[in-house]
>>> print(open('protein-v1.txt').read())   # compact mmCIF, C-alpha atoms
# COMPACT_ATOMS: atom_id res chain seq x y z
CA MET A 151 -19.46 17.72 -25.65
CA GLN A 152 -18.19 14.32 -24.55
CA PRO A 153 -20.77 11.57 -23.87
CA THR A 154 -20.23 9.51 -20.75
CA LEU A 155 -21.58 6.21 -19.47
CA ILE A 156 -23.04 6.01 -15.96
CA VAL A 157 -23.60 2.59 -14.40
CA GLU A 158 -26.06 2.20 -11.52
CA LEU A 159 -26.12 -0.87 -9.28
CA SER A 160 -29.03 -1.04 -6.86
CA ASP A 161 -30.10 -3.40 -4.10
CA GLY A 162 -33.52 -1.75 -3.91
CA VAL A 163 -32.43 0.51 -1.05
CA HIS A 164 -29.03 1.87 -2.01
CA SER A 165 -27.65 2.77 -5.42
CA GLY A 166 -23.99 2.80 -6.39
CA TYR A 167 -22.69 4.73 -9.38
CA GLY A 168 -19.71 4.38 -11.69
CA GLU A 169 -18.55 6.15 -14.83
CA ALA A 170 -16.57 5.72 -18.02
CA THR A 171 -16.21 8.49 -20.58
CA THR A 172 -16.36 7.66 -24.27
CA ASN A 173 -13.06 7.75 -26.11
CA THR A 174 -12.58 7.60 -29.87
CA TYR A 175 -8.84 6.83 -29.61
CA TYR A 176 -9.57 3.60 -27.73
CA GLY A 177 -12.77 2.92 -29.68
CA MET A 178 -14.93 3.15 -26.57
CA THR A 179 -18.38 4.23 -27.70
CA LEU A 180 -21.55 4.23 -25.61
CA GLU A 181 -22.94 1.40 -27.70
CA ARG A 182 -19.86 -0.74 -27.25
CA MET A 183 -19.80 -0.22 -23.49
CA ARG A 184 -23.53 -0.84 -23.11
CA ASN A 185 -23.33 -4.06 -25.11
CA ALA A 186 -20.36 -5.22 -23.05
CA LEU A 187 -22.23 -4.61 -19.80
CA GLU A 188 -25.34 -6.41 -21.08
CA SER A 189 -23.14 -9.43 -21.77
CA VAL A 190 -22.35 -9.73 -18.04
CA ARG A 191 -25.81 -8.84 -16.68
CA SER A 192 -26.46 -12.40 -15.53
CA LEU A 193 -23.09 -12.54 -13.75
CA VAL A 194 -23.88 -9.30 -11.92
CA GLU A 195 -27.40 -10.35 -10.98
CA ALA A 196 -26.10 -13.69 -9.70
CA GLN A 197 -24.14 -11.99 -6.94
CA ASP A 198 -25.88 -12.66 -3.62
CA GLN A 199 -24.10 -9.84 -1.85
CA ILE A 200 -22.04 -7.07 -3.35
CA ASP A 201 -18.31 -7.63 -3.02
CA PRO A 202 -16.38 -5.41 -5.45
CA GLN A 203 -13.37 -7.67 -5.77
CA GLN A 204 -15.49 -10.77 -6.34
CA LEU A 205 -17.64 -8.98 -8.90
CA TRP A 206 -14.55 -7.73 -10.71
CA SER A 207 -13.10 -11.24 -10.82
CA ALA A 208 -16.41 -12.65 -12.07
CA THR A 209 -16.70 -10.17 -14.95
CA ALA A 210 -13.10 -9.24 -15.84
CA GLU A 211 -12.56 -11.97 -18.44
CA SER A 212 -15.82 -11.22 -20.23
CA LEU A 213 -15.02 -7.49 -20.25
CA ARG A 214 -11.33 -7.91 -21.08
CA ASP A 215 -11.72 -6.05 -24.38
CA CYS A 216 -13.80 -3.27 -22.82
CA PRO A 217 -11.95 -2.07 -19.70
CA PHE A 218 -13.87 1.22 -19.72
CA ALA A 219 -17.13 -0.65 -19.08
CA LEU A 220 -15.41 -2.82 -16.47
CA CYS A 221 -14.22 0.35 -14.74
CA ALA A 222 -17.71 1.86 -14.57
CA LEU A 223 -19.11 -1.40 -13.17
CA ASP A 224 -16.31 -1.68 -10.61
CA GLN A 225 -16.76 1.92 -9.45
CA ALA A 226 -20.51 1.36 -9.04
CA ALA A 227 -19.84 -1.81 -7.04
CA HIS A 228 -17.53 0.04 -4.67
CA ASP A 229 -19.98 2.90 -4.22
CA LEU A 230 -22.83 0.49 -3.47
CA TRP A 231 -20.63 -1.58 -1.15
CA GLY A 232 -19.69 1.48 0.90
CA LYS A 233 -23.29 2.67 1.11
CA GLN A 234 -24.41 -0.78 2.27
CA GLN A 235 -21.64 -0.91 4.87
CA GLY A 236 -22.35 2.64 6.06
CA GLN A 237 -18.82 3.96 5.46
CA PRO A 238 -16.83 5.74 2.75
CA VAL A 239 -14.84 3.36 0.58
CA TYR A 240 -11.46 4.73 1.68
CA GLN A 241 -12.37 4.03 5.31
CA LEU A 242 -13.40 0.46 4.49
CA TRP A 243 -9.93 0.09 2.96
CA GLY A 244 -8.41 1.34 6.23
CA LEU A 245 -7.08 4.58 4.75
CA ASP A 246 -6.71 7.99 6.40
CA ASN A 247 -7.61 10.96 4.19
CA SER A 248 -6.27 13.66 6.53
CA ARG A 249 -3.23 14.21 4.27
CA THR A 250 -3.72 13.90 0.55
CA PRO A 251 -1.83 15.30 -2.46
CA PRO A 252 -3.25 18.33 -4.29
CA SER A 253 -4.75 17.93 -7.72
CA ASN A 254 -3.39 19.80 -10.68
CA TYR A 255 -5.50 21.83 -13.10
CA THR A 256 -4.89 21.05 -16.78
CA ILE A 257 -4.05 23.69 -19.37
CA GLY A 258 -4.52 22.20 -22.84
CA ILE A 259 -2.40 22.93 -25.90
CA ASP A 260 -3.40 26.12 -27.69
CA GLU A 261 -1.96 29.43 -28.81
CA ILE A 262 0.22 30.92 -26.07
CA ASP A 263 -2.11 33.83 -25.36
CA VAL A 264 -5.05 31.43 -25.05
CA MET A 265 -3.13 29.19 -22.64
CA VAL A 266 -2.20 32.23 -20.55
CA ALA A 267 -5.85 33.31 -20.51
CA LYS A 268 -6.92 29.82 -19.37
CA LEU A 269 -4.39 29.98 -16.56
CA LYS A 270 -5.69 33.36 -15.43
CA GLU A 271 -9.25 32.04 -15.37
CA VAL A 272 -8.36 29.59 -12.59
CA PRO A 273 -5.88 31.38 -10.31
CA ASP A 274 -4.59 30.04 -7.01
CA TRP A 275 -4.36 26.36 -7.92
CA PRO A 276 -1.17 24.96 -6.36
CA VAL A 277 -0.27 22.86 -9.39
CA TYR A 278 -0.95 23.14 -13.13
CA LYS A 279 -0.50 20.38 -15.67
CA ILE A 280 0.63 21.88 -18.96
CA LYS A 281 0.01 19.92 -22.14
CA LEU A 282 2.90 20.30 -24.59
CA GLY A 283 4.15 18.76 -27.80
CA THR A 284 4.65 21.80 -30.03
CA SER A 285 7.64 23.39 -31.74
CA HIS A 286 7.73 26.11 -29.06
CA ASP A 287 7.19 24.26 -25.79
CA LEU A 288 9.77 26.16 -23.73
CA GLU A 289 8.29 29.43 -24.92
CA ILE A 290 4.90 28.30 -23.63
CA ILE A 291 6.22 27.46 -20.18
CA ARG A 292 8.19 30.70 -19.93
CA ALA A 293 5.08 32.69 -20.85
CA LEU A 294 2.93 30.87 -18.29
CA ARG A 295 5.59 31.20 -15.61
CA GLN A 296 5.26 34.98 -15.78
CA HIS A 297 1.76 34.70 -14.31
CA THR A 298 2.12 32.24 -11.43
CA ASP A 299 4.61 30.76 -8.98
CA ALA A 300 2.64 27.50 -8.79
CA THR A 301 4.28 24.18 -9.56
CA PHE A 302 4.01 23.01 -13.16
CA ARG A 303 3.77 19.45 -14.42
CA VAL A 304 4.45 18.87 -18.10
CA ASP A 305 2.67 16.28 -20.23
CA ALA A 306 4.47 16.11 -23.56
CA ASN A 307 1.93 13.68 -25.04
CA CYS A 308 4.62 11.45 -26.61
CA GLY A 309 5.68 14.47 -28.65
CA TRP A 310 9.47 14.68 -28.12
CA ASP A 311 12.51 12.73 -29.21
CA VAL A 312 15.27 11.72 -26.79
CA SER A 313 17.65 14.64 -27.30
CA GLU A 314 14.78 17.14 -27.16
CA ALA A 315 13.46 15.61 -23.96
CA ILE A 316 16.87 15.65 -22.27
CA GLU A 317 17.50 19.25 -23.26
CA ASN A 318 14.02 20.36 -22.25
CA SER A 319 14.23 18.60 -18.89
CA HIS A 320 17.16 20.79 -17.82
CA ALA A 321 15.49 24.01 -18.99
CA LEU A 322 12.16 23.06 -17.40
CA LYS A 323 13.72 22.21 -14.07
CA GLU A 324 14.82 25.83 -13.82
CA LEU A 325 11.19 26.86 -14.45
CA ASN A 326 9.85 24.92 -11.44
CA VAL A 327 8.49 21.95 -13.37
CA GLU A 328 7.92 18.96 -11.10
CA PHE A 329 8.07 16.10 -13.59
CA LEU A 330 7.66 15.11 -17.23
CA GLU A 331 4.80 12.84 -18.21
CA GLN A 332 5.29 10.51 -21.18
CA PRO A 333 7.69 12.67 -23.21
CA LEU A 334 8.48 9.88 -25.72
CA PRO A 335 6.22 7.54 -27.72
CA ALA A 336 5.45 4.39 -25.76
CA GLU A 337 7.20 2.15 -28.28
CA ASN A 338 10.54 3.95 -27.89
CA ARG A 339 11.83 1.73 -25.09
CA ASP A 340 15.53 2.21 -25.81
CA GLY A 341 15.11 5.95 -25.97
CA GLN A 342 13.15 5.95 -22.71
CA LYS A 343 15.96 4.13 -20.92
CA GLU A 344 18.50 6.66 -22.20
CA LEU A 345 16.23 9.51 -21.17
CA LEU A 346 15.90 8.12 -17.66
CA ARG A 347 19.69 8.20 -17.32
CA HIS A 348 20.03 11.81 -18.42
CA SER A 349 16.79 13.61 -17.54
CA ALA A 350 16.99 16.41 -14.99
CA LEU A 351 13.38 15.71 -14.00
CA PRO A 352 11.46 12.63 -12.86
CA LEU A 353 9.64 10.76 -15.63
CA ILE A 354 6.05 9.51 -15.25
CA ALA A 355 4.56 6.90 -17.60
CA ASP A 356 1.10 7.42 -19.05
CA GLU A 357 0.61 5.80 -22.46
CA SER A 358 3.27 3.26 -21.42
CA CYS A 359 1.17 2.21 -18.40
CA ILE A 360 -2.31 0.96 -19.26
CA HIS A 361 -2.66 -2.60 -17.95
CA GLU A 362 -1.59 -4.12 -14.63
CA SER A 363 1.41 -5.83 -16.19
CA ASP A 364 2.68 -2.48 -17.51
CA VAL A 365 3.73 -1.27 -14.06
CA ALA A 366 6.55 -3.81 -13.80
CA ALA A 367 7.40 -3.19 -17.47
CA CYS A 368 7.87 0.52 -16.69
CA HIS A 369 10.37 -0.18 -13.93
CA GLY A 370 13.82 0.86 -15.08
CA TYR A 371 12.35 3.17 -17.72
CA PHE A 372 10.31 5.62 -15.62
CA ASP A 373 10.38 7.00 -12.10
CA GLY A 374 6.65 6.55 -11.68
CA VAL A 375 3.36 5.64 -13.32
CA ASN A 376 0.11 7.46 -14.03
CA ILE A 377 -2.81 5.07 -13.60
CA LYS A 378 -6.10 5.77 -15.39
CA LEU A 379 -9.05 3.86 -13.93
CA VAL A 380 -10.91 3.52 -17.24
CA LYS A 381 -7.85 2.12 -18.99
CA CYS A 382 -6.95 -0.47 -16.36
CA GLY A 383 -10.51 -1.52 -15.53
CA GLY A 384 -11.39 0.22 -12.28
CA LEU A 385 -10.45 0.65 -8.65
CA THR A 386 -9.78 -3.04 -8.05
CA PRO A 387 -6.84 -3.38 -10.49
CA ALA A 388 -5.69 0.17 -9.73
CA ARG A 389 -5.03 -0.77 -6.10
CA ARG A 390 -2.95 -3.74 -7.21
CA MET A 391 -1.02 -1.51 -9.60
CA ILE A 392 -0.31 0.93 -6.78
CA ASP A 393 0.96 -1.94 -4.60
CA THR A 394 3.25 -3.15 -7.39
CA ALA A 395 4.64 0.32 -8.00
CA ARG A 396 5.38 0.74 -4.31
CA GLU A 397 7.15 -2.61 -4.17
CA LEU A 398 9.33 -1.41 -7.06
CA GLY A 399 10.08 1.93 -5.41
CA MET A 400 8.15 3.92 -8.01
CA LYS A 401 6.04 7.06 -7.61
CA VAL A 402 2.29 6.77 -8.18
CA MET A 403 -0.16 9.12 -9.83
CA VAL A 404 -3.79 8.62 -10.78
CA GLY A 405 -5.21 10.64 -13.63
CA CYS A 406 -8.67 11.34 -14.96
CA MET A 407 -10.28 11.35 -18.41
CA THR A 408 -12.50 14.40 -17.89
CA GLU A 409 -15.03 12.43 -15.86
CA SER A 410 -17.89 14.04 -13.99
CA THR A 411 -18.09 14.02 -10.19
CA VAL A 412 -19.08 10.33 -10.44
CA GLY A 413 -15.66 9.25 -11.71
CA ILE A 414 -13.74 11.88 -9.75
CA SER A 415 -15.32 10.71 -6.49
CA ALA A 416 -14.09 7.18 -7.23
CA ILE A 417 -10.55 8.47 -7.80
CA ALA A 418 -10.72 10.33 -4.48
CA GLN A 419 -10.97 7.05 -2.58
CA LEU A 420 -7.39 6.30 -3.67
CA LEU A 421 -5.94 9.67 -2.69
CA PRO A 422 -4.23 8.58 0.55
CA LEU A 423 -2.18 6.08 -1.48
CA LEU A 424 -0.88 8.56 -4.07
CA ASP A 425 2.05 10.90 -4.61
CA TYR A 426 0.33 12.90 -7.35
CA VAL A 427 -3.19 13.18 -8.70
CA ASP A 428 -4.93 14.69 -11.71
CA MET A 429 -8.61 14.85 -10.75
CA ASP A 430 -9.74 18.13 -12.28
CA GLY A 431 -12.19 16.47 -14.68
CA ALA A 432 -15.39 17.76 -13.10
CA ALA A 433 -13.87 21.23 -12.73
CA LEU A 434 -13.33 21.32 -16.50
CA LEU A 435 -16.97 20.56 -17.30
CA ALA A 436 -19.52 23.21 -18.27
CA ALA A 437 -22.17 21.25 -16.34
CA ASP A 438 -21.94 18.35 -13.90
CA ILE A 439 -24.37 15.48 -13.38
CA ALA A 440 -23.72 14.49 -9.77
CA THR A 441 -22.74 15.58 -6.29
CA GLY A 442 -19.97 13.99 -4.30
CA VAL A 443 -16.32 14.88 -3.94
CA VAL A 444 -15.49 18.50 -4.78
CA VAL A 445 -12.03 19.69 -5.88
CA GLU A 446 -11.49 23.35 -5.06
CA ARG A 447 -8.19 24.95 -6.04
CA GLY A 448 -6.56 21.55 -5.93
CA VAL A 449 -7.94 20.52 -2.54
CA CYS A 450 -10.26 17.52 -2.36
CA ARG A 451 -13.34 18.03 -0.18
CA TYR A 452 -15.05 14.78 0.79
CA PRO A 453 -18.81 14.77 1.35
CA GLN A 454 -20.41 13.52 4.53
CA ALA A 455 -21.62 10.43 2.72
CA ASN A 456 -20.87 6.74 2.39
CA GLY A 457 -19.47 4.77 -0.52
CA SER A 458 -17.86 7.14 -2.99
CA GLY A 459 -20.37 9.75 -1.86
CA VAL A 460 -22.09 10.04 -5.25
CA GLN A 461 -25.66 11.11 -5.91
CA LEU A 462 -26.92 11.91 -9.41
CA THR A 463 -28.47 15.31 -9.96
CA SER A 464 -29.73 14.69 -13.50
CA SER A 465 -30.19 11.86 -15.95
>>> encode(input="protein-v1.txt", output="structure tokens")
Amino acid sequence: MQPTLIVELSDGVHSGYGEATTNTYYGMTLERMRNALESVRSLVEAQDQIDPQQLWSATAESLRDCPFALCALDQAAHDLWGKQQGQPVYQLWGLDNSRTPPSNYTIGIDEIDVMVAKLKEVPDWPVYKIKLGTSHDLEIIRALRQHTDATFRVDANCGWDVSEAIENSHALKELNVEFLEQPLPAENRDGQKELLRHSALPLIADESCIHESDVAACHGYFDGVNIKLVKCGGLTPARRMIDTARELGMKVMVGCMTESTVGISAIAQLLPLLDYVDMDGAALLAADIATGVVVERGVCRYPQANGSGVQLTSS
């Protein structure tokens, strides 16, 4: 069970919702996020009219050390803004959602037979993201490949060295793997540059791309970036990161952190801007807490609702 923080912003008529999951690796507990949000309560309440970008700018410095809380607040502001304006957020941004990339479904690291069983439980997804970083990674992919023709994406979780990553990239390309996500530790910059020269597959940054400034820093080391809303501080900085990546000719992915439909619905507003997306978080949950965007076999179904389309179903 993973606790999650839900932020509600209300004008007395409409309510907007945002989310940030807890994360022990980044030290993001419910208490820390709640305390951070209480520290900016007066700044939020001082806003005469909700403007997500203005609210983000007003609170970003105070929440600099707690981007997860900033993300939840920013998502809630966008949801409320869209509901007040009577349109979905993506439409207010001038985006067309008629063609969007499919989401992958994540298969976590486990024994091979367990990973195969997990794959069989969710057939017919167009793309699967396979978590690797073991001593038998190629064996895992070969075993999974026997059960589906779907595209694979590989997330090595910083678990390979340079020679291993280069060798694996050529073998995995033959197994219909689309790209490699963060195969090397983030601090191995020299190794990453060498890998970019010799990899048979595109390379997508994850742990190397957390803050806005990281996008430019990844240029020349990766082919693309995976943006996580909770890590960067919400939709507002994520849009700027996407713009920067495009200016640099890089591919763009947005990933999730096993959020409920609240967080997944926020991600969905960005879909028309993306090459790849990992928004299977709600699909991985035993029980959800909201209605909104639904991801079925990789396809995003938008609700007939404004804002991010979120309504809570339980507290």
>>> closest_residue(input="protein-v1.txt", among="A:Glu289, A:Lys401, A:Arg249, A:Gly244", to="Ile262 of chain A", atoms="all atoms listed in the file")
A:Glu289
>>> residues_around(input="protein-v1.txt", residues="Arg390 of chain A", least_positions_apart="2", cutoff="12 Å", atoms="all atoms listed in the file", output="number ranges by chain")
A: 203, 361-366, 377, 379, 382-388, 392-397, 402, 420, 423
>>> residues_around(input="protein-v1.txt", residues="Val460 of chain A", least_positions_apart="4", cutoff="10 Å", atoms="all atoms listed in the file", output="PyMOL selection string")
chain A and resi 165-168+226+229-230+233+411-416+440-443+453+455-456
>>> residues_around(input="protein-v1.txt", residues="Asp340 of chain A", least_positions_apart="5", cutoff="10 Å", atoms="all atoms listed in the file", output="ChimeraX atom specification")
/A:312,345,371
>>> closest_residue(input="protein-v1.txt", among="A:Ala355, A:Pro238, A:Val380, A:Ile291", to="Cys368 of chain A", atoms="only C-alpha atoms")
A:Ala355
>>> closest_residue(input="protein-v1.txt", among="A:Gln296, A:Thr171, A:Gln152, A:Thr463", to="Met407 of chain A", atoms="only C-alpha atoms")
A:Thr171
>>> closest_residue(input="protein-v1.txt", among="A:Cys308, A:Leu288, A:Leu462, A:Leu213", to="Pro335 of chain A", atoms="all atoms listed in the file")
A:Cys308
>>> closest_residue(input="protein-v1.txt", among="A:Ile354, A:Thr284, A:Val304, A:Thr209", to="Glu195 of chain A", atoms="all atoms listed in the file")
A:Thr209
>>> closest_residue(input="protein-v1.txt", among="A:Cys450, A:Met183, A:Leu242, A:Ile257", to="Lys270 of chain A", atoms="only C-alpha atoms")
A:Ile257
>>> atom_distance(input="protein-v1.txt", atom1="atom CA of Pro273 of chain A", atom2="atom CA of Gln454 of chain A")
27.4 Å
>>> residues_around(input="protein-v1.txt", residues="Ile316 of chain A", least_positions_apart="2", cutoff="7 Å", atoms="only C-alpha atoms", output="PyMOL selection string")
chain A and resi 312-314+318-320+345+348-349
>>> residues_near_point(input="protein-v1.txt", point="(-11.6, 14.3, -20.1)", cutoff="12 Å", atoms="all atoms listed in the file", output="ChimeraX atom specification")
/A:151-154,169-174,255-256,258,378,380,405-411,413-414,428-435
>>> atom_distance(input="protein-v1.txt", atom1="atom CA of Gly448 of chain A", atom2="atom CA of Gln461 of chain A")
21.8 Å
>>> residues_around(input="protein-v1.txt", residues="Pro333 of chain A", least_positions_apart="2", cutoff="6 Å", atoms="only C-alpha atoms", output="list in words")
Ala306, Cys308, Trp310 and Glu331 of chain A
>>> atom_distance(input="protein-v1.txt", atom1="atom CA of Asn376 of chain A", atom2="atom CA of Val404 of chain A")
5.2 Å
>>> build_atoms(input="protein-v1.txt", residues="segment 183-213 of chain A", atoms="N, CA and C atoms", output="PDB file, in the frame of the given file")
ATOM      1  N   MET A 183     -19.833  -0.002 -24.939  1.00  0.00           N
ATOM      2  CA  MET A 183     -19.800  -0.220 -23.490  1.00  0.00           C
ATOM      3  C   MET A 183     -21.125  -0.791 -22.993  1.00  0.00           C
ATOM      4  N   ARG A 184     -22.227  -0.307 -23.516  1.00  0.00           N
ATOM      5  CA  ARG A 184     -23.530  -0.840 -23.110  1.00  0.00           C
ATOM      6  C   ARG A 184     -23.658  -2.319 -23.469  1.00  0.00           C
ATOM      7  N   ASN A 185     -23.250  -2.665 -24.687  1.00  0.00           N
ATOM      8  CA  ASN A 185     -23.330  -4.060 -25.110  1.00  0.00           C
ATOM      9  C   ASN A 185     -22.441  -4.953 -24.253  1.00  0.00           C
ATOM     10  N   ALA A 186     -21.273  -4.442 -23.903  1.00  0.00           N
ATOM     11  CA  ALA A 186     -20.360  -5.220 -23.050  1.00  0.00           C
ATOM     12  C   ALA A 186     -20.990  -5.469 -21.688  1.00  0.00           C
ATOM     13  N   LEU A 187     -21.610  -4.456 -21.121  1.00  0.00           N
ATOM     14  CA  LEU A 187     -22.230  -4.610 -19.800  1.00  0.00           C
ATOM     15  C   LEU A 187     -23.432  -5.550 -19.864  1.00  0.00           C
ATOM     16  N   GLU A 188     -24.213  -5.481 -20.940  1.00  0.00           N
ATOM     17  CA  GLU A 188     -25.340  -6.410 -21.080  1.00  0.00           C
ATOM     18  C   GLU A 188     -24.861  -7.847 -21.127  1.00  0.00           C
ATOM     19  N   SER A 189     -23.660  -8.065 -21.654  1.00  0.00           N
ATOM     20  CA  SER A 189     -23.140  -9.430 -21.770  1.00  0.00           C
ATOM     21  C   SER A 189     -22.807 -10.044 -20.412  1.00  0.00           C
ATOM     22  N   VAL A 190     -22.670  -9.202 -19.373  1.00  0.00           N
ATOM     23  CA  VAL A 190     -22.350  -9.730 -18.040  1.00  0.00           C
ATOM     24  C   VAL A 190     -23.502  -9.497 -17.062  1.00  0.00           C
ATOM     25  N   ARG A 191     -24.664  -9.106 -17.562  1.00  0.00           N
ATOM     26  CA  ARG A 191     -25.810  -8.840 -16.680  1.00  0.00           C
ATOM     27  C   ARG A 191     -26.105 -10.032 -15.772  1.00  0.00           C
ATOM     28  N   SER A 192     -26.126 -11.223 -16.339  1.00  0.00           N
ATOM     29  CA  SER A 192     -26.460 -12.400 -15.530  1.00  0.00           C
ATOM     30  C   SER A 192     -25.410 -12.657 -14.446  1.00  0.00           C
ATOM     31  N   LEU A 193     -24.139 -12.373 -14.750  1.00  0.00           N
ATOM     32  CA  LEU A 193     -23.090 -12.540 -13.750  1.00  0.00           C
ATOM     33  C   LEU A 193     -23.260 -11.557 -12.604  1.00  0.00           C
ATOM     34  N   VAL A 194     -23.666 -10.333 -12.947  1.00  0.00           N
ATOM     35  CA  VAL A 194     -23.880  -9.300 -11.920  1.00  0.00           C
ATOM     36  C   VAL A 194     -25.085  -9.668 -11.066  1.00  0.00           C
ATOM     37  N   GLU A 195     -26.170 -10.052 -11.710  1.00  0.00           N
ATOM     38  CA  GLU A 195     -27.400 -10.350 -10.980  1.00  0.00           C
ATOM     39  C   GLU A 195     -27.279 -11.622 -10.148  1.00  0.00           C
ATOM     40  N   ALA A 196     -26.295 -12.449 -10.456  1.00  0.00           N
ATOM     41  CA  ALA A 196     -26.100 -13.690  -9.700  1.00  0.00           C
ATOM     42  C   ALA A 196     -25.392 -13.468  -8.375  1.00  0.00           C
ATOM     43  N   GLN A 197     -24.861 -12.271  -8.178  1.00  0.00           N
ATOM     44  CA  GLN A 197     -24.140 -11.990  -6.940  1.00  0.00           C
ATOM     45  C   GLN A 197     -25.134 -11.862  -5.784  1.00  0.00           C
ATOM     46  N   ASP A 198     -24.974 -12.704  -4.773  1.00  0.00           N
ATOM     47  CA  ASP A 198     -25.880 -12.660  -3.620  1.00  0.00           C
ATOM     48  C   ASP A 198     -25.684 -11.400  -2.799  1.00  0.00           C
ATOM     49  N   GLN A 199     -24.431 -11.016  -2.641  1.00  0.00           N
ATOM     50  CA  GLN A 199     -24.100  -9.840  -1.850  1.00  0.00           C
ATOM     51  C   GLN A 199     -22.964  -9.119  -2.547  1.00  0.00           C
ATOM     52  N   ILE A 200     -23.034  -7.807  -2.579  1.00  0.00           N
ATOM     53  CA  ILE A 200     -22.040  -7.070  -3.350  1.00  0.00           C
ATOM     54  C   ILE A 200     -20.675  -7.147  -2.680  1.00  0.00           C
ATOM     55  N   ASP A 201     -19.716  -7.621  -3.415  1.00  0.00           N
ATOM     56  CA  ASP A 201     -18.310  -7.630  -3.020  1.00  0.00           C
ATOM     57  C   ASP A 201     -17.538  -7.177  -4.242  1.00  0.00           C
ATOM     58  N   PRO A 202     -16.998  -5.950  -4.230  1.00  0.00           N
ATOM     59  CA  PRO A 202     -16.380  -5.410  -5.450  1.00  0.00           C
ATOM     60  C   PRO A 202     -15.302  -6.288  -6.052  1.00  0.00           C
ATOM     61  N   GLN A 203     -14.443  -6.847  -5.224  1.00  0.00           N
ATOM     62  CA  GLN A 203     -13.370  -7.670  -5.770  1.00  0.00           C
ATOM     63  C   GLN A 203     -13.912  -8.949  -6.414  1.00  0.00           C
ATOM     64  N   GLN A 204     -14.904  -9.561  -5.769  1.00  0.00           N
ATOM     65  CA  GLN A 204     -15.490 -10.770  -6.340  1.00  0.00           C
ATOM     66  C   GLN A 204     -16.206 -10.469  -7.648  1.00  0.00           C
ATOM     67  N   LEU A 205     -16.925  -9.343  -7.682  1.00  0.00           N
ATOM     68  CA  LEU A 205     -17.640  -8.980  -8.900  1.00  0.00           C
ATOM     69  C   LEU A 205     -16.652  -8.693 -10.026  1.00  0.00           C
ATOM     70  N   TRP A 206     -15.557  -8.007  -9.689  1.00  0.00           N
ATOM     71  CA  TRP A 206     -14.550  -7.730 -10.710  1.00  0.00           C
ATOM     72  C   TRP A 206     -13.987  -9.028 -11.266  1.00  0.00           C
ATOM     73  N   SER A 207     -13.663  -9.960 -10.376  1.00  0.00           N
ATOM     74  CA  SER A 207     -13.100 -11.240 -10.820  1.00  0.00           C
ATOM     75  C   SER A 207     -14.095 -12.019 -11.679  1.00  0.00           C
ATOM     76  N   ALA A 208     -15.379 -11.909 -11.347  1.00  0.00           N
ATOM     77  CA  ALA A 208     -16.410 -12.650 -12.070  1.00  0.00           C
ATOM     78  C   ALA A 208     -16.639 -12.092 -13.470  1.00  0.00           C
ATOM     79  N   THR A 209     -16.371 -10.809 -13.665  1.00  0.00           N
ATOM     80  CA  THR A 209     -16.700 -10.170 -14.950  1.00  0.00           C
ATOM     81  C   THR A 209     -15.488  -9.752 -15.771  1.00  0.00           C
ATOM     82  N   ALA A 210     -14.292  -9.783 -15.181  1.00  0.00           N
ATOM     83  CA  ALA A 210     -13.100  -9.240 -15.840  1.00  0.00           C
ATOM     84  C   ALA A 210     -12.791  -9.933 -17.164  1.00  0.00           C
ATOM     85  N   GLU A 211     -12.898 -11.249 -17.210  1.00  0.00           N
ATOM     86  CA  GLU A 211     -12.560 -11.970 -18.440  1.00  0.00           C
ATOM     87  C   GLU A 211     -13.543 -11.621 -19.554  1.00  0.00           C
ATOM     88  N   SER A 212     -14.814 -11.545 -19.220  1.00  0.00           N
ATOM     89  CA  SER A 212     -15.820 -11.220 -20.230  1.00  0.00           C
ATOM     90  C   SER A 212     -15.665  -9.790 -20.748  1.00  0.00           C
ATOM     91  N   LEU A 213     -15.171  -8.900 -19.885  1.00  0.00           N
ATOM     92  CA  LEU A 213     -15.020  -7.490 -20.250  1.00  0.00           C
ATOM     93  C   LEU A 213     -13.567  -7.121 -20.568  1.00  0.00           C
TER      94      LEU A 213
END
